[in-house]
Every structure is written in C-alpha cells, then in structure tokens.
Amino acid sequence: MSAAVETTPRSEEVLYEVSEGIATLTLNRPERLNTISGPMLNLLTQLLVRANEDPAVRVVVLTGTGRAFCAGLDLVDATQGSGIGSEKQQQAVSVNLDLRNTPPTVLFAMDKPTICALNGSAAGYGMDTAMGCDIRIAGESAKMAAAFVKRGVVPESGGTWILPRLLGWAKAAELIFTGRTLSAQESLELGLVNHVVPDAELAAKTRQIALEMANNAPLAVQSAKRLMRMGLSETFNDHVHHVYLQFLQLIRTQDFKEGMTSFLEKRPADFKGR
C-alpha cells in the first residue's frame, strides 16, 4: 500500500475557533490520521498559548477531523528521512533539551480547563495528548493505544507521569508494558475517559460540558485548576495554606459578589472574569 498523499496546507493543520467562551482546536490532517508533524507541534503549541492568554476563552476543547483523533507522531515522514524521529533530526539533536514550549508541557501548565473530544483512535503521542487534557469524552468508536513499546520508544509526552496517577501503578504498568489497545468502553471502565457517547453525539456532549464550565466564574475555575496541579507535589498543610491565600484573592473579585448576589436573587450568574 502506498503512503497517503499530504493535501492539507501546513497553516491549516490545526484549526482554531472561539464561540461562547469555548476555544476549539481541531487537528486537521485526516489524510494522515492526524499524525503529528514538526510544524504541527509548533502550531499546536502557539494555539494552546493563545487560548490560555485570551480573556474571551474560558474552556479549551481539543479534537480531530476524520476517523482518528491522532494516530501519533508521523512515522511516514520519519521513515522517509524527514520529520520527527528521522535520521536527519537525530543528527541535529542537542544535549540541552528545551521542553518549555512543547504541547505536553504547555497543556499541563494551562490554567483554562481542557477537554479532549476523542472522535476516533488516539495512539502513542495522540494518547498522551488526550491524557494531558483535564477530562476526556469519547465517541463509542474511539480507541486508546499506548503502543509506544511496540515502536521501540517510551510514552514520551507525559504518559509515564499521568497514567500511574490516574490508574495506580499496576494498571498503568500493564497498559504501558503491553502496548495494549483499549476500546472506548474499556477506557471508561478503567477511568481513562469521563464519558462515552454515540459518535454522532460527541460534539453536542462536549459542548454541553464545556458550556457548564464556561458559565462558571472563570477566575475561580482557573484557580481551582492551578491548586489541583500544585497539590500533586505538595503536603496537605502546604496546600491548605495556598488554598487560603487564593481564597482571599477571590473574595475581592466582582465575580464573587455576582455569585453571592445571583444566588440570593435566584437567577443565573453573569460572570465577567474580574
């Protein structure tokens, strides 16, 4: 079988749209099952940063076009001598790696809540990227494949850090060491995804949950996410101290006043992020 011909312009390999406070980033290389090229990595990073810094954005959704969410890094480019993992790139590797501006680290550091809408298979890098989001919603035909060891590598984009925390050591070890492919239902049973819905309902379900988040006080949501992230490496006493300091800041905001007023007046709150 011949390799698929690339037809999507580089500038359109990740689409970006903002609506009702929700930024949707769509991996748009369906002819290559949304496999990640070098330029795609850079574009995805730029758009994640843009969404996180945009005051109009309260929630970020990451999804894909076609029948896959992301089938991993582009191995076709690599085997043809270009792209990620190619001999040409290996010769240019520096011993000083700057990972501050790569999608996994940017995704982890984002204050805005992130949702991955798994429209299809997520394998390798695609699975790590999905796991880097705060929650995952899967179409019933979606699959998750931690196939790294089958390709001679390790989960290079956060999987070895995230999976043991989500699943516990033993289950994460079995999944990573076997490189097993999981169905959407198996992923749900393990706790890797939050919801499984019919494929045709994926976009609607994702938007419903995203709007629930977007309608809440954005400063409070972002503070809660920051504190959850900090709590991964703090003692309980240190964490409670940081929570209290954040709480003192939040009760000085206009949104706090609006939240209390709307509750007393029995109406939906109109939060401004101030």
# chains A, B, ... in the order shown; residues from 1 in each chain; ligands from 1

call {"tool": "select_by_dssp", "arguments": {"residues": "segment 155-199 of chain A", "states": "helix (DSSP H, G or I)", "output": "list of chain:residue names"}}
result
A:Gly159, A:Thr160, A:Trp161, A:Ile162, A:Leu163, A:Pro164, A:Arg165, A:Leu166, A:Leu167, A:Trp169, A:Ala170, A:Lys171, A:Ala172, A:Ala173, A:Glu174, A:Leu175, A:Ile176, A:Phe177, A:Thr178, A:Ala184, A:Gln185, A:Glu186, A:Ser187, A:Leu188, A:Glu189, A:Leu190, A:Asp199

call {"tool": "write_last_selection", "arguments": {"atoms": "C-alpha atoms", "output": "short mmCIF file (atom, residue, chain, number, x, y, z; two decimals), in the first residue's frame"}}
result
data_model
loop_
_atom_site.label_atom_id
_atom_site.label_comp_id
_atom_site.auth_asym_id
_atom_site.auth_seq_id
_atom_site.Cartn_x
_atom_site.Cartn_y
_atom_site.Cartn_z
CA GLY A 159 2.14 9.14 29.78
CA THR A 160 4.55 7.67 32.33
CA TRP A 161 3.70 10.53 34.70
CA ILE A 162 -0.06 10.73 34.09
CA LEU A 163 -1.11 7.08 33.84
CA PRO A 164 0.19 5.88 37.24
CA ARG A 165 -1.61 8.82 38.87
CA LEU A 166 -4.86 8.05 37.09
CA LEU A 167 -4.82 4.27 37.26
CA TRP A 169 0.94 1.61 39.40
CA ALA A 170 -0.18 -1.92 38.50
CA LYS A 171 -2.82 -0.98 35.92
CA ALA A 172 -0.59 1.67 34.36
CA ALA A 173 2.28 -0.83 34.18
CA GLU A 174 0.14 -3.41 32.41
CA LEU A 175 -1.13 -0.87 29.90
CA ILE A 176 2.30 0.63 29.12
CA PHE A 177 4.31 -2.62 29.12
CA THR A 178 1.87 -4.46 26.82
CA ALA A 184 -13.89 3.35 24.39
CA GLN A 185 -15.85 1.22 26.84
CA GLU A 186 -12.68 -0.35 28.29
CA SER A 187 -11.22 3.14 28.65
CA LEU A 188 -14.35 4.22 30.53
CA GLU A 189 -14.19 1.23 32.88
CA LEU A 190 -10.54 2.00 33.69
CA ASP A 199 -20.23 9.15 17.73
#

call {"tool": "select_by_dssp", "arguments": {"residues": "segment 116-246 of chain A", "states": "strand (DSSP E or B)", "output": "PyMOL selection string"}}
result
chain A and resi 116-118+121-123+135-139+143-145+181-183+195-197

call {"tool": "closest_residue", "arguments": {"among": "A:Val106, A:Ile22, A:Cys133, A:Met213", "to": "Ala56 of chain A", "atoms": "only C-alpha atoms"}}
result
A:Ile22

call {"tool": "residues_around", "arguments": {"residues": "Val59 of chain A", "least_positions_apart": "2", "cutoff": "8 Å", "atoms": "only C-alpha atoms", "output": "list in words"}}
result
Gly21, Ile22, Ala23, Val57, Val61, Lys112, Pro113, Thr114, Ile115, Ala210, Met213 and Ala214 of chain A

call {"tool": "residues_around", "arguments": {"residues": "Val196 of chain A", "least_positions_apart": "5", "cutoff": "10 Å", "atoms": "only C-alpha atoms", "output": "ChimeraX atom specification"}}
result
/A:118,136-142,184-185,187-188,201-202,205

call {"tool": "residues_around", "arguments": {"residues": "Gln222 of chain A", "least_positions_apart": "2", "cutoff": "10 Å", "atoms": "only C-alpha atoms", "output": "ChimeraX atom specification"}}
result
/A:58-59,110-113,217-220,224-228

call {"tool": "write_last_selection", "arguments": {"atoms": "N, CA and C atoms", "output": "mmCIF file, in the first residue's frame"}}
result
data_model
loop_
_atom_site.group_PDB
_atom_site.id
_atom_site.type_symbol
_atom_site.label_atom_id
_atom_site.label_comp_id
_atom_site.auth_asym_id
_atom_site.auth_seq_id
_atom_site.Cartn_x
_atom_site.Cartn_y
_atom_site.Cartn_z
ATOM 1 N N ARG A 58 -12.731 30.642 27.990
ATOM 2 C CA ARG A 58 -12.869 30.094 29.340
ATOM 3 C C ARG A 58 -12.637 28.589 29.381
ATOM 4 N N VAL A 59 -12.812 27.927 28.251
ATOM 5 C CA VAL A 59 -12.622 26.477 28.166
ATOM 6 C C VAL A 59 -11.972 26.163 26.828
ATOM 7 N N MET A 110 -1.498 24.925 31.485
ATOM 8 C CA MET A 110 -2.618 25.807 31.189
ATOM 9 C C MET A 110 -3.538 25.969 32.388
ATOM 10 N N ASP A 111 -3.996 27.210 32.610
ATOM 11 C CA ASP A 111 -4.968 27.463 33.672
ATOM 12 C C ASP A 111 -6.402 27.224 33.199
ATOM 13 N N LYS A 112 -6.656 27.403 31.916
ATOM 14 C CA LYS A 112 -8.004 27.159 31.398
ATOM 15 C C LYS A 112 -8.295 25.647 31.415
ATOM 16 N N PRO A 113 -9.504 25.239 31.772
ATOM 17 C CA PRO A 113 -9.843 23.813 31.720
ATOM 18 C C PRO A 113 -9.811 23.297 30.285
ATOM 19 N N ALA A 217 -17.642 31.057 37.248
ATOM 20 C CA ALA A 217 -16.692 32.161 37.417
ATOM 21 C C ALA A 217 -15.320 31.723 36.913
ATOM 22 N N PRO A 218 -14.820 32.324 35.837
ATOM 23 C CA PRO A 218 -13.578 31.843 35.233
ATOM 24 C C PRO A 218 -12.359 31.946 36.138
ATOM 25 N N LEU A 219 -12.286 33.006 36.942
ATOM 26 C CA LEU A 219 -11.138 33.137 37.842
ATOM 27 C C LEU A 219 -11.132 32.022 38.881
ATOM 28 N N ALA A 220 -12.306 31.644 39.344
ATOM 29 C CA ALA A 220 -12.413 30.568 40.330
ATOM 30 C C ALA A 220 -12.068 29.215 39.700
ATOM 31 N N ALA A 224 -8.931 26.953 40.795
ATOM 32 C CA ALA A 224 -9.114 25.571 41.231
ATOM 33 C C ALA A 224 -8.187 24.626 40.464
ATOM 34 N N LYS A 225 -8.048 24.867 39.166
ATOM 35 C CA LYS A 225 -7.160 24.007 38.379
ATOM 36 C C LYS A 225 -5.711 24.196 38.808
ATOM 37 N N ARG A 226 -5.303 25.442 39.020
ATOM 38 C CA ARG A 226 -3.932 25.696 39.482
ATOM 39 C C ARG A 226 -3.656 24.988 40.798
ATOM 40 N N LEU A 227 -4.611 25.067 41.719
ATOM 41 C CA LEU A 227 -4.433 24.443 43.019
ATOM 42 C C LEU A 227 -4.399 22.922 42.920
ATOM 43 N N MET A 228 -5.203 22.352 42.057
ATOM 44 C CA MET A 228 -5.155 20.899 41.846
ATOM 45 C C MET A 228 -3.777 20.482 41.337
#

call {"tool": "atom_distance", "arguments": {"atom1": "atom CA of Thr26 of chain A", "atom2": "atom CA of Met40 of chain A"}}
result
11.2 Å

call {"tool": "atom_distance", "arguments": {"atom1": "atom CA of Gly64 of chain A", "atom2": "atom CA of Arg180 of chain A"}}
result
22.0 Å

call {"tool": "decode", "arguments": {"residues": "segment 112-128 of chain A", "atoms": "N, CA and C atoms", "output": "PDB file, in the first residue's frame"}}
result
ATOM      1  N   LYS A 112      -6.656  27.403  31.916  1.00  0.00           N
ATOM      2  CA  LYS A 112      -8.004  27.159  31.398  1.00  0.00           C
ATOM      3  C   LYS A 112      -8.295  25.647  31.415  1.00  0.00           C
ATOM      4  N   PRO A 113      -9.504  25.239  31.772  1.00  0.00           N
ATOM      5  CA  PRO A 113      -9.843  23.813  31.720  1.00  0.00           C
ATOM      6  C   PRO A 113      -9.811  23.297  30.285  1.00  0.00           C
ATOM      7  N   THR A 114      -9.373  22.070  30.119  1.00  0.00           N
ATOM      8  CA  THR A 114      -9.230  21.475  28.792  1.00  0.00           C
ATOM      9  C   THR A 114     -10.028  20.185  28.696  1.00  0.00           C
ATOM     10  N   ILE A 115     -10.684  20.022  27.559  1.00  0.00           N
ATOM     11  CA  ILE A 115     -11.483  18.824  27.283  1.00  0.00           C
ATOM     12  C   ILE A 115     -10.991  18.210  25.979  1.00  0.00           C
ATOM     13  N   CYS A 116     -10.731  16.916  25.988  1.00  0.00           N
ATOM     14  CA  CYS A 116     -10.419  16.218  24.744  1.00  0.00           C
ATOM     15  C   CYS A 116     -11.663  15.478  24.273  1.00  0.00           C
ATOM     16  N   ALA A 117     -12.123  15.802  23.067  1.00  0.00           N
ATOM     17  CA  ALA A 117     -13.241  15.111  22.442  1.00  0.00           C
ATOM     18  C   ALA A 117     -12.657  14.076  21.493  1.00  0.00           C
ATOM     19  N   LEU A 118     -12.628  12.829  21.927  1.00  0.00           N
ATOM     20  CA  LEU A 118     -11.997  11.750  21.160  1.00  0.00           C
ATOM     21  C   LEU A 118     -12.943  11.273  20.064  1.00  0.00           C
ATOM     22  N   ASN A 119     -12.724  11.814  18.873  1.00  0.00           N
ATOM     23  CA  ASN A 119     -13.576  11.468  17.736  1.00  0.00           C
ATOM     24  C   ASN A 119     -13.161  10.175  17.060  1.00  0.00           C
ATOM     25  N   GLY A 120     -12.029   9.601  17.486  1.00  0.00           N
ATOM     26  CA  GLY A 120     -11.530   8.359  16.894  1.00  0.00           C
ATOM     27  C   GLY A 120     -10.327   7.886  17.677  1.00  0.00           C
ATOM     28  N   SER A 121      -9.486   7.108  17.025  1.00  0.00           N
ATOM     29  CA  SER A 121      -8.352   6.489  17.715  1.00  0.00           C
ATOM     30  C   SER A 121      -7.342   7.519  18.204  1.00  0.00           C
ATOM     31  N   ALA A 122      -6.796   7.265  19.392  1.00  0.00           N
ATOM     32  CA  ALA A 122      -5.705   8.063  19.957  1.00  0.00           C
ATOM     33  C   ALA A 122      -4.591   7.088  20.293  1.00  0.00           C
ATOM     34  N   ALA A 123      -3.511   7.160  19.535  1.00  0.00           N
ATOM     35  CA  ALA A 123      -2.416   6.214  19.719  1.00  0.00           C
ATOM     36  C   ALA A 123      -1.115   6.957  19.983  1.00  0.00           C
ATOM     37  N   GLY A 124      -0.256   6.378  20.813  1.00  0.00           N
ATOM     38  CA  GLY A 124       1.050   6.958  21.052  1.00  0.00           C
ATOM     39  C   GLY A 124       0.956   8.396  21.520  1.00  0.00           C
ATOM     40  N   TYR A 125       1.592   9.282  20.767  1.00  0.00           N
ATOM     41  CA  TYR A 125       1.573  10.708  21.112  1.00  0.00           C
ATOM     42  C   TYR A 125       0.136  11.216  21.218  1.00  0.00           C
ATOM     43  N   GLY A 126      -0.738  10.710  20.377  1.00  0.00           N
ATOM     44  CA  GLY A 126      -2.139  11.127  20.433  1.00  0.00           C
ATOM     45  C   GLY A 126      -2.783  10.755  21.747  1.00  0.00           C
ATOM     46  N   MET A 127      -2.446   9.568  22.283  1.00  0.00           N
ATOM     47  CA  MET A 127      -2.986   9.166  23.577  1.00  0.00           C
ATOM     48  C   MET A 127      -2.424  10.043  24.685  1.00  0.00           C
ATOM     49  N   ASP A 128      -1.116  10.303  24.652  1.00  0.00           N
ATOM     50  CA  ASP A 128      -0.517  11.182  25.656  1.00  0.00           C
ATOM     51  C   ASP A 128      -1.163  12.560  25.635  1.00  0.00           C
TER      52      ASP A 128
END
